[in-house]
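Dropping model.pdb in here (PDB, C-alpha atoms):
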ATOM      1  CA  MET C 157     -74.660  17.021 -13.160  1.00  0.00           C
ATOM      2  CA  SER C 158     -73.007  14.106 -14.916  1.00  0.00           C
ATOM      3  CA  ASP C 159     -70.495  11.988 -13.087  1.00  0.00           C
ATOM      4  CA  GLN C 160     -66.866  12.405 -14.076  1.00  0.00           C
ATOM      5  CA  VAL C 161     -65.305   9.351 -15.634  1.00  0.00           C
ATOM      6  CA  ASN C 162     -61.791   8.764 -14.331  1.00  0.00           C
ATOM      7  CA  PRO C 163     -59.287   7.334 -16.822  1.00  0.00           C
ATOM      8  CA  PRO C 164     -58.288   3.755 -16.096  1.00  0.00           C
ATOM      9  CA  GLN C 165     -55.178   3.382 -13.980  1.00  0.00           C
ATOM     10  CA  THR C 166     -52.297   1.394 -15.380  1.00  0.00           C
ATOM     11  CA  ASP C 167     -49.105   0.075 -13.832  1.00  0.00           C
ATOM     12  CA  GLN C 168     -47.192   0.333 -17.067  1.00  0.00           C
ATOM     13  CA  LYS C 169     -44.173   2.608 -16.937  1.00  0.00           C
ATOM     14  CA  PRO C 170     -42.759   4.447 -19.920  1.00  0.00           C
ATOM     15  CA  MET C 171     -40.010   2.471 -21.614  1.00  0.00           C
ATOM     16  CA  ALA C 172     -36.681   4.091 -22.322  1.00  0.00           C
ATOM     17  CA  ASP C 173     -35.466   4.081 -25.886  1.00  0.00           C
ATOM     18  CA  PRO C 174     -32.161   2.359 -26.771  1.00  0.00           C
ATOM     19  CA  GLN C 175     -30.282   5.647 -26.796  1.00  0.00           C
ATOM     20  CA  GLN C 176     -31.395   6.437 -23.239  1.00  0.00           C
ATOM     21  CA  ILE C 177     -30.456   2.925 -22.104  1.00  0.00           C
ATOM     22  CA  VAL C 178     -26.957   3.285 -23.533  1.00  0.00           C
ATOM     23  CA  GLN C 179     -26.591   6.663 -21.832  1.00  0.00           C
ATOM     24  CA  ILE C 180     -27.697   5.193 -18.495  1.00  0.00           C
ATOM     25  CA  LEU C 181     -25.301   2.265 -18.776  1.00  0.00           C
ATOM     26  CA  THR C 182     -22.441   4.511 -19.890  1.00  0.00           C
ATOM     27  CA  THR C 183     -22.956   6.677 -16.811  1.00  0.00           C
ATOM     28  CA  GLU C 184     -23.070   3.580 -14.613  1.00  0.00           C
ATOM     29  CA  HIS C 185     -19.909   2.280 -16.299  1.00  0.00           C
ATOM     30  CA  PHE C 186     -18.079   5.507 -15.429  1.00  0.00           C
ATOM     31  CA  THR C 187     -19.407   5.423 -11.850  1.00  0.00           C
ATOM     32  CA  LEU C 188     -18.198   1.841 -11.401  1.00  0.00           C
ATOM     33  CA  GLN C 189     -14.721   2.716 -12.685  1.00  0.00           C
ATOM     34  CA  THR C 190     -14.563   5.552 -10.157  1.00  0.00           C
ATOM     35  CA  ALA C 191     -15.729   3.235  -7.381  1.00  0.00           C
ATOM     36  CA  ARG C 192     -13.040   0.703  -8.323  1.00  0.00           C
ATOM     37  CA  SER C 193     -10.391   3.400  -8.037  1.00  0.00           C
ATOM     38  CA  ALA C 194     -11.719   4.268  -4.576  1.00  0.00           C
ATOM     39  CA  THR C 195     -11.503   0.656  -3.368  1.00  0.00           C
ATOM     40  CA  ILE C 196      -7.928   0.329  -4.624  1.00  0.00           C
ATOM     41  CA  SER C 197      -6.965   3.599  -2.946  1.00  0.00           C
ATOM     42  CA  ASP C 198      -8.537   2.475   0.331  1.00  0.00           C
ATOM     43  CA  ALA C 199      -6.751  -0.881   0.254  1.00  0.00           C
ATOM     44  CA  ASN C 200      -3.402   0.748  -0.539  1.00  0.00           C
ATOM     45  CA  GLY C 201      -3.806   3.292   2.250  1.00  0.00           C
ATOM     46  CA  ARG C 202      -4.694   0.728   4.885  1.00  0.00           C
ATOM     47  CA  SER C 203      -1.978  -1.715   3.903  1.00  0.00           C
ATOM     48  CA  ASN C 204       0.624   1.074   3.843  1.00  0.00           C
ATOM     49  CA  LEU C 205      -0.487   2.155   7.321  1.00  0.00           C
ATOM     50  CA  PHE C 206      -0.131  -1.398   8.606  1.00  0.00           C
ATOM     51  CA  LEU C 207       3.267  -2.013   7.010  1.00  0.00           C
ATOM     52  CA  GLY C 208       4.495   1.372   8.229  1.00  0.00           C
ATOM     53  CA  ALA C 209       3.445   0.537  11.784  1.00  0.00           C
ATOM     54  CA  VAL C 210       5.202  -2.838  11.597  1.00  0.00           C
ATOM     55  CA  SER C 211       8.397  -1.265  10.260  1.00  0.00           C
ATOM     56  CA  SER C 212       8.404   1.414  12.972  1.00  0.00           C
ATOM     57  CA  ALA C 213       7.772  -1.149  15.686  1.00  0.00           C
ATOM     58  CA  ILE C 214      10.655  -3.340  14.498  1.00  0.00           C
ATOM     59  CA  VAL C 215      13.024  -0.359  14.525  1.00  0.00           C
ATOM     60  CA  ALA C 216      11.842   0.607  18.019  1.00  0.00           C
ATOM     61  CA  LEU C 217      12.228  -3.002  19.162  1.00  0.00           C
ATOM     62  CA  ALA C 218      15.802  -3.043  17.898  1.00  0.00           C
ATOM     63  CA  PHE C 219      16.634   0.118  19.831  1.00  0.00           C
ATOM     64  CA  ILE C 220      15.048  -1.235  23.007  1.00  0.00           C
ATOM     65  CA  GLY C 221      16.940  -4.501  22.656  1.00  0.00           C
ATOM     66  CA  GLN C 222      20.229  -2.685  22.176  1.00  0.00           C
ATOM     67  CA  ALA C 223      19.621  -0.308  25.068  1.00  0.00           C
ATOM     68  CA  SER C 224      18.461  -3.017  27.492  1.00  0.00           C
ATOM     69  CA  ASN C 225      20.933  -5.652  26.312  1.00  0.00           C
ATOM     70  CA  MET C 226      17.969  -7.918  25.476  1.00  0.00           C
ATOM     71  CA  GLY C 227      16.792  -7.715  29.087  1.00  0.00           C
ATOM     72  CA  ASP C 228      13.404  -7.435  30.731  1.00  0.00           C
ATOM     73  CA  SER C 229      12.583  -4.121  29.047  1.00  0.00           C
ATOM     74  CA  PHE C 230      12.927  -5.755  25.652  1.00  0.00           C
ATOM     75  CA  SER C 231      10.670  -8.651  26.659  1.00  0.00           C
ATOM     76  CA  VAL C 232       7.982  -6.383  28.092  1.00  0.00           C
ATOM     77  CA  PHE C 233       8.053  -4.141  25.023  1.00  0.00           C
ATOM     78  CA  ALA C 234       7.795  -7.162  22.708  1.00  0.00           C
ATOM     79  CA  LEU C 235       4.872  -8.621  24.676  1.00  0.00           C
ATOM     80  CA  VAL C 236       3.034  -5.307  24.385  1.00  0.00           C
ATOM     81  CA  ILE C 237       3.806  -4.328  20.793  1.00  0.00           C
ATOM     82  CA  PHE C 238       3.220  -7.637  19.019  1.00  0.00           C
ATOM     83  CA  PRO C 239      -0.423  -8.102  20.124  1.00  0.00           C
ATOM     84  CA  CYS C 240      -1.133  -4.495  19.100  1.00  0.00           C
ATOM     85  CA  LEU C 241       0.401  -5.067  15.681  1.00  0.00           C
ATOM     86  CA  PHE C 242      -1.467  -8.348  15.287  1.00  0.00           C
ATOM     87  CA  PHE C 243      -4.786  -6.651  16.072  1.00  0.00           C
ATOM     88  CA  LEU C 244      -3.978  -3.907  13.571  1.00  0.00           C
ATOM     89  CA  GLY C 245      -3.142  -6.624  11.079  1.00  0.00           C
ATOM     90  CA  LEU C 246      -6.469  -8.379  11.623  1.00  0.00           C
ATOM     91  CA  THR C 247      -8.463  -5.204  11.050  1.00  0.00           C
ATOM     92  CA  THR C 248      -6.373  -4.370   8.007  1.00  0.00           C
ATOM     93  CA  PHE C 249      -6.794  -7.887   6.628  1.00  0.00           C
ATOM     94  CA  SER C 250     -10.571  -7.777   7.068  1.00  0.00           C
ATOM     95  CA  ARG C 251     -10.916  -4.365   5.441  1.00  0.00           C
ATOM     96  CA  VAL C 252      -8.678  -4.977   2.433  1.00  0.00           C
ATOM     97  CA  LEU C 253     -10.530  -8.264   1.879  1.00  0.00           C
ATOM     98  CA  GLU C 254     -13.822  -6.346   1.861  1.00  0.00           C
ATOM     99  CA  THR C 255     -12.477  -3.823  -0.636  1.00  0.00           C
ATOM    100  CA  ALA C 256     -11.126  -6.612  -2.860  1.00  0.00           C
ATOM    101  CA  ILE C 257     -14.535  -8.302  -2.944  1.00  0.00           C
ATOM    102  CA  GLU C 258     -16.199  -4.956  -3.565  1.00  0.00           C
ATOM    103  CA  ASP C 259     -13.811  -4.286  -6.444  1.00  0.00           C
ATOM    104  CA  ALA C 260     -14.546  -7.712  -7.941  1.00  0.00           C
ATOM    105  CA  ILE C 261     -18.295  -7.027  -7.841  1.00  0.00           C
ATOM    106  CA  TYR C 262     -17.754  -3.743  -9.657  1.00  0.00           C
ATOM    107  CA  ALA C 263     -15.661  -5.557 -12.271  1.00  0.00           C
ATOM    108  CA  GLN C 264     -18.444  -8.094 -12.799  1.00  0.00           C
ATOM    109  CA  GLU C 265     -21.018  -5.371 -13.272  1.00  0.00           C
ATOM    110  CA  ILE C 266     -18.767  -3.630 -15.793  1.00  0.00           C
ATOM    111  CA  ASN C 267     -18.510  -6.911 -17.688  1.00  0.00           C
ATOM    112  CA  ARG C 268     -22.294  -7.095 -17.840  1.00  0.00           C
ATOM    113  CA  ILE C 269     -22.504  -3.578 -19.241  1.00  0.00           C
ATOM    114  CA  ARG C 270     -19.799  -4.426 -21.760  1.00  0.00           C
ATOM    115  CA  HIS C 271     -21.856  -7.483 -22.748  1.00  0.00           C
ATOM    116  CA  TYR C 272     -24.846  -5.225 -23.452  1.00  0.00           C
ATOM    117  CA  TYR C 273     -22.683  -3.111 -25.729  1.00  0.00           C
ATOM    118  CA  ILE C 274     -21.949  -6.104 -27.944  1.00  0.00           C
ATOM    119  CA  GLU C 275     -25.593  -7.193 -27.784  1.00  0.00           C
ATOM    120  CA  ILE C 276     -26.738  -3.993 -29.446  1.00  0.00           C
ATOM    121  CA  ALA C 277     -23.662  -3.743 -31.687  1.00  0.00           C
ATOM    122  CA  PRO C 278     -22.197  -7.239 -32.276  1.00  0.00           C
ATOM    123  CA  SER C 279     -19.714  -5.918 -34.820  1.00  0.00           C
ATOM    124  CA  ILE C 280     -17.709  -4.090 -32.126  1.00  0.00           C
ATOM    125  CA  SER C 281     -17.004  -7.242 -30.086  1.00  0.00           C
ATOM    126  CA  ARG C 282     -13.634  -7.760 -31.794  1.00  0.00           C
ATOM    127  CA  TYR C 283     -12.454  -4.406 -30.452  1.00  0.00           C
ATOM    128  CA  PHE C 284     -12.881  -5.491 -26.816  1.00  0.00           C
ATOM    129  CA  ILE C 285      -9.899  -7.180 -25.179  1.00  0.00           C
ATOM    130  CA  GLN C 286     -11.395  -7.454 -21.698  1.00  0.00           C
ATOM    131  CA  SER C 287     -14.014 -10.069 -20.964  1.00  0.00           C
ATOM    132  CA  THR C 288     -17.740  -9.530 -21.470  1.00  0.00           C
ATOM    133  CA  HIS C 289     -18.715 -12.399 -19.139  1.00  0.00           C
ATOM    134  CA  ASP C 290     -19.772 -11.975 -15.521  1.00  0.00           C
ATOM    135  CA  ASP C 291     -18.672 -15.267 -14.006  1.00  0.00           C
ATOM    136  CA  MET C 292     -15.569 -15.736 -11.861  1.00  0.00           C
ATOM    137  CA  ARG C 293     -13.419 -16.552 -14.863  1.00  0.00           C
ATOM    138  CA  GLY C 294     -14.612 -13.497 -16.784  1.00  0.00           C
ATOM    139  CA  MET C 295     -14.001 -11.257 -13.794  1.00  0.00           C
ATOM    140  CA  SER C 296     -10.519 -12.700 -13.329  1.00  0.00           C
ATOM    141  CA  ASP C 297      -9.681 -12.155 -16.993  1.00  0.00           C
ATOM    142  CA  SER C 298     -10.788  -8.516 -16.844  1.00  0.00           C
ATOM    143  CA  MET C 299      -8.718  -7.886 -13.723  1.00  0.00           C
ATOM    144  CA  GLY C 300      -5.647  -9.651 -15.104  1.00  0.00           C
ATOM    145  CA  LEU C 301      -5.705 -12.343 -12.424  1.00  0.00           C
ATOM    146  CA  MET C 302      -4.312 -15.839 -12.753  1.00  0.00           C
ATOM    147  CA  ASN C 303      -6.815 -18.691 -12.767  1.00  0.00           C
ATOM    148  CA  SER C 304      -4.852 -20.448 -10.049  1.00  0.00           C
ATOM    149  CA  ARG C 305      -5.525 -21.627  -6.522  1.00  0.00           C
ATOM    150  CA  PHE C 306      -2.504 -19.604  -5.392  1.00  0.00           C
ATOM    151  CA  GLN C 307      -3.995 -16.310  -6.613  1.00  0.00           C
ATOM    152  CA  ILE C 308      -5.612 -15.789  -3.225  1.00  0.00           C
ATOM    153  CA  LEU C 309      -2.151 -15.429  -1.680  1.00  0.00           C
ATOM    154  CA  LEU C 310      -1.212 -12.706  -4.181  1.00  0.00           C
ATOM    155  CA  THR C 311      -3.971 -10.309  -3.175  1.00  0.00           C
ATOM    156  CA  THR C 312      -3.450  -7.419  -0.754  1.00  0.00           C
ATOM    157  CA  ALA C 313      -5.302  -9.431   1.876  1.00  0.00           C
ATOM    158  CA  GLY C 314      -2.991 -12.367   1.151  1.00  0.00           C
ATOM    159  CA  MET C 315       0.071 -10.172   1.651  1.00  0.00           C
ATOM    160  CA  VAL C 316      -1.291  -8.832   4.934  1.00  0.00           C
ATOM    161  CA  SER C 317      -2.065 -12.389   6.071  1.00  0.00           C
ATOM    162  CA  TRP C 318       1.594 -13.383   5.564  1.00  0.00           C
ATOM    163  CA  VAL C 319       2.888 -10.421   7.580  1.00  0.00           C
ATOM    164  CA  ASN C 320       0.259 -10.875  10.264  1.00  0.00           C
ATOM    165  CA  SER C 321       0.994 -14.588  10.566  1.00  0.00           C
ATOM    166  CA  THR C 322       4.693 -13.792  10.931  1.00  0.00           C
ATOM    167  CA  LEU C 323       3.849 -11.452  13.812  1.00  0.00           C
ATOM    168  CA  ALA C 324       1.776 -14.208  15.405  1.00  0.00           C
ATOM    169  CA  GLY C 325       4.599 -16.725  15.050  1.00  0.00           C
ATOM    170  CA  VAL C 326       7.181 -14.361  16.537  1.00  0.00           C
ATOM    171  CA  PHE C 327       4.891 -13.443  19.426  1.00  0.00           C
ATOM    172  CA  ILE C 328       4.155 -17.080  20.267  1.00  0.00           C
ATOM    173  CA  GLY C 329       7.855 -17.872  20.026  1.00  0.00           C
ATOM    174  CA  VAL C 330       8.749 -15.049  22.405  1.00  0.00           C
ATOM    175  CA  VAL C 331       6.091 -16.118  24.909  1.00  0.00           C
ATOM    176  CA  ILE C 332       7.208 -19.757  24.829  1.00  0.00           C
ATOM    177  CA  GLY C 333      10.834 -18.731  25.195  1.00  0.00           C
ATOM    178  CA  LEU C 334      10.066 -16.596  28.242  1.00  0.00           C
ATOM    179  CA  LEU C 335       7.762 -19.064  29.956  1.00  0.00           C
ATOM    180  CA  LEU C 336       9.599 -22.320  29.317  1.00  0.00           C
ATOM    181  CA  LYS C 337      13.153 -21.008  29.000  1.00  0.00           C
ATOM    182  CA  SER C 338      13.425 -23.373  26.062  1.00  0.00           C
ATOM    183  CA  GLN C 339      16.234 -23.595  23.553  1.00  0.00           C
ATOM    184  CA  LEU C 340      16.254 -21.391  20.481  1.00  0.00           C
ATOM    185  CA  LEU C 341      15.536 -24.296  18.118  1.00  0.00           C
ATOM    186  CA  VAL C 342      12.421 -25.320  20.048  1.00  0.00           C
ATOM    187  CA  THR C 343      11.227 -21.712  20.136  1.00  0.00           C
ATOM    188  CA  VAL C 344      11.733 -21.336  16.395  1.00  0.00           C
ATOM    189  CA  ILE C 345       9.872 -24.568  15.630  1.00  0.00           C
ATOM    190  CA  ILE C 346       6.906 -23.508  17.758  1.00  0.00           C
ATOM    191  CA  GLY C 347       6.923 -20.083  16.111  1.00  0.00           C
ATOM    192  CA  VAL C 348       6.902 -21.643  12.636  1.00  0.00           C
ATOM    193  CA  ILE C 349       3.981 -23.874  13.604  1.00  0.00           C
ATOM    194  CA  ALA C 350       2.082 -20.855  14.911  1.00  0.00           C
ATOM    195  CA  PHE C 351       2.837 -19.029  11.648  1.00  0.00           C
ATOM    196  CA  GLY C 352       1.480 -21.937   9.612  1.00  0.00           C
ATOM    197  CA  ILE C 353      -1.724 -22.182  11.656  1.00  0.00           C
ATOM    198  CA  SER C 354      -2.330 -18.433  11.445  1.00  0.00           C
ATOM    199  CA  LEU C 355      -1.731 -18.353   7.688  1.00  0.00           C
ATOM    200  CA  ALA C 356      -4.058 -21.314   7.171  1.00  0.00           C
ATOM    201  CA  LEU C 357      -6.814 -19.586   9.171  1.00  0.00           C
ATOM    202  CA  HIS C 358      -6.368 -16.320   7.257  1.00  0.00           C
ATOM    203  CA  THR C 359      -6.476 -18.149   3.922  1.00  0.00           C
ATOM    204  CA  ALA C 360      -9.496 -20.246   4.891  1.00  0.00           C
ATOM    205  CA  TYR C 361     -11.427 -17.155   5.996  1.00  0.00           C
ATOM    206  CA  GLN C 362     -10.551 -15.363   2.775  1.00  0.00           C
ATOM    207  CA  THR C 363     -11.633 -18.364   0.699  1.00  0.00           C
ATOM    208  CA  VAL C 364     -14.957 -18.640   2.529  1.00  0.00           C
ATOM    209  CA  GLN C 365     -15.745 -14.949   2.052  1.00  0.00           C
ATOM    210  CA  TRP C 366     -14.953 -15.082  -1.664  1.00  0.00           C
ATOM    211  CA  THR C 367     -17.024 -18.233  -2.129  1.00  0.00           C
ATOM    212  CA  ARG C 368     -20.035 -16.833  -0.286  1.00  0.00           C
ATOM    213  CA  THR C 369     -19.966 -13.616  -2.297  1.00  0.00           C
ATOM    214  CA  MET C 370     -19.642 -15.344  -5.660  1.00  0.00           C
ATOM    215  CA  GLN C 371     -22.488 -17.723  -4.808  1.00  0.00           C
ATOM    216  CA  LYS C 372     -24.812 -14.798  -4.049  1.00  0.00           C
ATOM    217  CA  ILE C 373     -24.294 -13.242  -7.481  1.00  0.00           C
ATOM    218  CA  LYS C 374     -26.234 -14.937 -10.256  1.00  0.00           C
ATOM    219  CA  THR C 375     -24.184 -15.449 -13.399  1.00  0.00           C
ATOM    220  CA  LEU C 376     -26.008 -14.177 -16.487  1.00  0.00           C
ATOM    221  CA  PHE C 377     -23.294 -14.427 -19.117  1.00  0.00           C
ATOM    222  CA  PRO C 378     -20.912 -17.314 -18.325  1.00  0.00           C
ATOM    223  CA  THR C 379     -17.630 -17.710 -20.163  1.00  0.00           C
ATOM    224  CA  PRO C 380     -17.851 -20.357 -22.905  1.00  0.00           C
ATOM    225  CA  ALA C 381     -15.767 -23.438 -22.265  1.00  0.00           C
ATOM    226  CA  ASP C 382     -13.754 -22.894 -25.443  1.00  0.00           C
ATOM    227  CA  ASP C 383     -13.203 -19.183 -24.844  1.00  0.00           C
ATOM    228  CA  VAL C 384      -9.549 -18.153 -24.590  1.00  0.00           C
ATOM    229  CA  PRO C 385      -8.862 -15.955 -21.540  1.00  0.00           C
ATOM    230  CA  ALA C 386      -7.828 -12.417 -22.351  1.00  0.00           C
ATOM    231  CA  LYS C 387      -4.124 -11.726 -21.986  1.00  0.00           C
TER     232      LYS C 387
END
Give the structure from this file in structure tokens form.
Amino acid sequence: MSDQVNPPQTDQKPMADPQQIVQILTTEHFTLQTARSATISDANGRSNLFLGAVSSAIVALAFIGQASNMGDSFSVFALVIFPCLFFLGLTTFSRVLETAIEDAIYAQEINRIRHYYIEIAPSISRYFIQSTHDDMRGMSDSMGLMNSRFQILLTTAGMVSWVNSTLAGVFIGVVIGLLLKSQLLVTVIIGVIAFGISLALHTAYQTVQWTRTMQKIKTLFPTPADDVPAK
């Protein structure tokens, strides 16, 4: 009996034709748009929860102050509620920052897919208003962001950092006022300093996280130096 001859094994995989590639990328494009909507919804929900809790606490604090004539009950309530709100603010800040970074990554991937569209059909490039480049500038143009150092304060995480830093400043001011029986001006100055330190720490953390994420993503299609940002 003759030995069977096995066909040679190969590691080559079947290549998709251009039509299949476009279909795959179109599906991925739709999936990324859906994922972006989910991140925005998550950030809005968490920030609304945080701001709602802060608003309710301030109203409750006003009632307690009126009922106790700004006595010990008001001080105890303030010392309890402000740390709770600050912790809620920290968790909210961290999460909305994560969703913002996630959304930016999705936007970059969409830009790459859009770049492939004009690679296979260069004549349609004039019909695209959004950027087809996957660097930070291209992502910012597609998301309608300002290329400014102050943009980081205009994000949802930036908004939460302002509110959270205000809570920190008020809490520190209340503690100093109770412990040292200091004058109102001294208490306010210390509270403002605490606000500034907290805001600086929030902003620095946000900047570091954005920088680390952008450095991990290799830019394939950088924006030309003479390219005009999309309006």
| task | Run the PyMOL selection byres ((chain C and resi 224-240) around 9) against the file shown and list the residues it catches, as a VMD selection string. | result | chain C and resid 213 217 to 223 241 to 245 323 to 324 326 to 327 330 to 331 334
Restricting to all atoms listed in the file, whichever of C:Ile196, C:Leu246, C:Ile328, C:Leu207 is closest to Asp259 of chain C is C:Ile196
Name the residues in contact with Ala356 of chain C at a cut-off of 12 Å, using all atoms listed in the file, excluding same-chain residues fewer than 6 positions from it; report them as an MDAnalysis selection string.
-> chainID C and resid 308:309 314 317:318 320:321 349:350 362:363
File of the preceding selection, C-alpha atoms, as a JSON list (two decimals), in the frame of the given file:
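And here is the file that came out, part.json:
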[["chain", "number", "residue", "atom", "x", "y", "z"],
["C", 308, "ILE", "CA", -5.61, -15.79, -3.22],
["C", 309, "LEU", "CA", -2.15, -15.43, -1.68],
["C", 314, "GLY", "CA", -2.99, -12.37, 1.15],
["C", 317, "SER", "CA", -2.06, -12.39, 6.07],
["C", 318, "TRP", "CA", 1.59, -13.38, 5.56],
["C", 320, "ASN", "CA", 0.26, -10.88, 10.26],
["C", 321, "SER", "CA", 0.99, -14.59, 10.57],
["C", 349, "ILE", "CA", 3.98, -23.87, 13.60],
["C", 350, "ALA", "CA", 2.08, -20.86, 14.91],
["C", 362, "GLN", "CA", -10.55, -15.36, 2.78],
["C", 363, "THR", "CA", -11.63, -18.36, 0.70]]
Residues matched by the PyMOL selection byres ((chain C and resi 268-285) around 9) as a PyMOL selection string: chain C and resi 174+178+181-182+184-185+263-267+286-290+298+376-377+386-387
Kindly export the residues of the current selection with C-alpha atoms, as a compact mmCIF listing (two decimals), keeping the file's coordinate frame.
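Output (result.txt):
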# COMPACT_ATOMS: atom_id res chain seq x y z
CA PRO C 174 -32.16 2.36 -26.77
CA VAL C 178 -26.96 3.28 -23.53
CA LEU C 181 -25.30 2.26 -18.78
CA THR C 182 -22.44 4.51 -19.89
CA GLU C 184 -23.07 3.58 -14.61
CA HIS C 185 -19.91 2.28 -16.30
CA ALA C 263 -15.66 -5.56 -12.27
CA GLN C 264 -18.44 -8.09 -12.80
CA GLU C 265 -21.02 -5.37 -13.27
CA ILE C 266 -18.77 -3.63 -15.79
CA ASN C 267 -18.51 -6.91 -17.69
CA GLN C 286 -11.40 -7.45 -21.70
CA SER C 287 -14.01 -10.07 -20.96
CA THR C 288 -17.74 -9.53 -21.47
CA HIS C 289 -18.72 -12.40 -19.14
CA ASP C 290 -19.77 -11.98 -15.52
CA SER C 298 -10.79 -8.52 -16.84
CA LEU C 376 -26.01 -14.18 -16.49
CA PHE C 377 -23.29 -14.43 -19.12
CA ALA C 386 -7.83 -12.42 -22.35
CA LYS C 387 -4.12 -11.73 -21.99
Query raised in the report: Taking into account only C-alpha atoms, which residue in the set C:Val319, C:Met295, C:Ile214, C:Ala194 is nearest to Gly352 of chain C?
Result: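 Counting only C-alpha atoms, the residue closest to Gly352 of chain C is C:Val319.
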>> Quick one: residues within 9 Å of Lys374 of chain C, only C-alpha atoms, excluding same-chain residues fewer than 3 positions away - as a list in words?
In response: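 Answer for this query is Asp290, Asp291, Met370 and Gln371 of chain C.
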Limited to C-alpha atoms, could you put the picked residues into a file as an mmCIF file, keeping the file's coordinate frame?
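Final file, part25.cif:
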data_model
loop_
_atom_site.group_PDB
_atom_site.id
_atom_site.type_symbol
_atom_site.label_atom_id
_atom_site.label_comp_id
_atom_site.auth_asym_id
_atom_site.auth_seq_id
_atom_site.Cartn_x
_atom_site.Cartn_y
_atom_site.Cartn_z
ATOM 1 C CA ASP C 290 -19.772 -11.975 -15.521
ATOM 2 C CA ASP C 291 -18.672 -15.267 -14.006
ATOM 3 C CA MET C 370 -19.642 -15.344 -5.660
ATOM 4 C CA GLN C 371 -22.488 -17.723 -4.808
#
#### Entry: Selection near Leu253 of chain C, 8 Å with all atoms listed in the file, sequence-local residues under 4 positions removed, as a ChimeraX atom specification
/C:249,257,312-313,362
Just so the selection is clear, what residues does the PyMOL selection byres ((chain C and resi 301) around 12) cover here, as a list in words? Ala260, Gln286, Met292, Arg293, Gly294, Met295, Ser296, Asp297, Ser298, Met299, Gly300, Met302, Asn303, Ser304, Arg305, Phe306, Gln307, Ile308, Leu309, Leu310, Thr311, Pro385, Ala386 and Lys387 of chain C
First collect every listed atom of segment 284-300 of chain C; then fit an axis-aligned box around them, widen it by 3 Å on each side, and give centre and edge lengths in Å to one decimal, as JSON.
{"center_x": -12.7, "center_y": -11.0, "center_z": -19.3, "size_x": 20.1, "size_y": 17.1, "size_z": 21.0}
TODO: To one decimal in Å, tell me the separation between atom CA of Thr248 of chain C and atom CA of Ser203 of chain C.
DONE: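 Taking atom CA of Thr248 of chain C as the start and atom CA of Ser203 of chain C as the end point, the length is 6.6 Å.
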*asked:* Rounded to one decimal, what separation in Å do you get between atom CA of Thr379 of chain C and atom CA of Gln176 of chain C?
replied: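 For atom CA of Thr379 of chain C relative to atom CA of Gln176 of chain C, the distance reads 28.0 Å.
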Segment 343-345 of chain C environment, 7 Å, only C-alpha atoms, sequence neighbours closer than 5 positions dropped, as a PDB file with C-alpha atoms, in the coordinates of the input:
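Dumped everything to part-v1.pdb:
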ATOM      1  CA  GLY C 329       7.855 -17.872  20.026  1.00  0.00           C
ATOM      2  CA  ILE C 332       7.208 -19.757  24.829  1.00  0.00           C
ATOM      3  CA  GLY C 333      10.834 -18.731  25.195  1.00  0.00           C
ATOM      4  CA  SER C 338      13.425 -23.373  26.062  1.00  0.00           C
TER       5      SER C 338
END
Rounded to one decimal, what separation in Å do you get between atom CA of Ala209 of chain C and atom CA of Val316 of chain C?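 Those two atoms sit 12.5 Å apart.
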message = Just checking: using all atoms listed in the file, which residue out of C:Ala191, C:Val342, C:Ala256, C:Val210 ends up closest to Gln365 of chain C?
response =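 Result for the nearest residue to Gln365 of chain C: C:Ala256.
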### Task
Point out the residue among C:Thr322, C:Thr375, C:Leu341, C:Leu335 with the least atom-to-atom distance to Leu355 of chain C, counting only C-alpha atoms.
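Nearest to Leu355 of chain C: C:Thr322.
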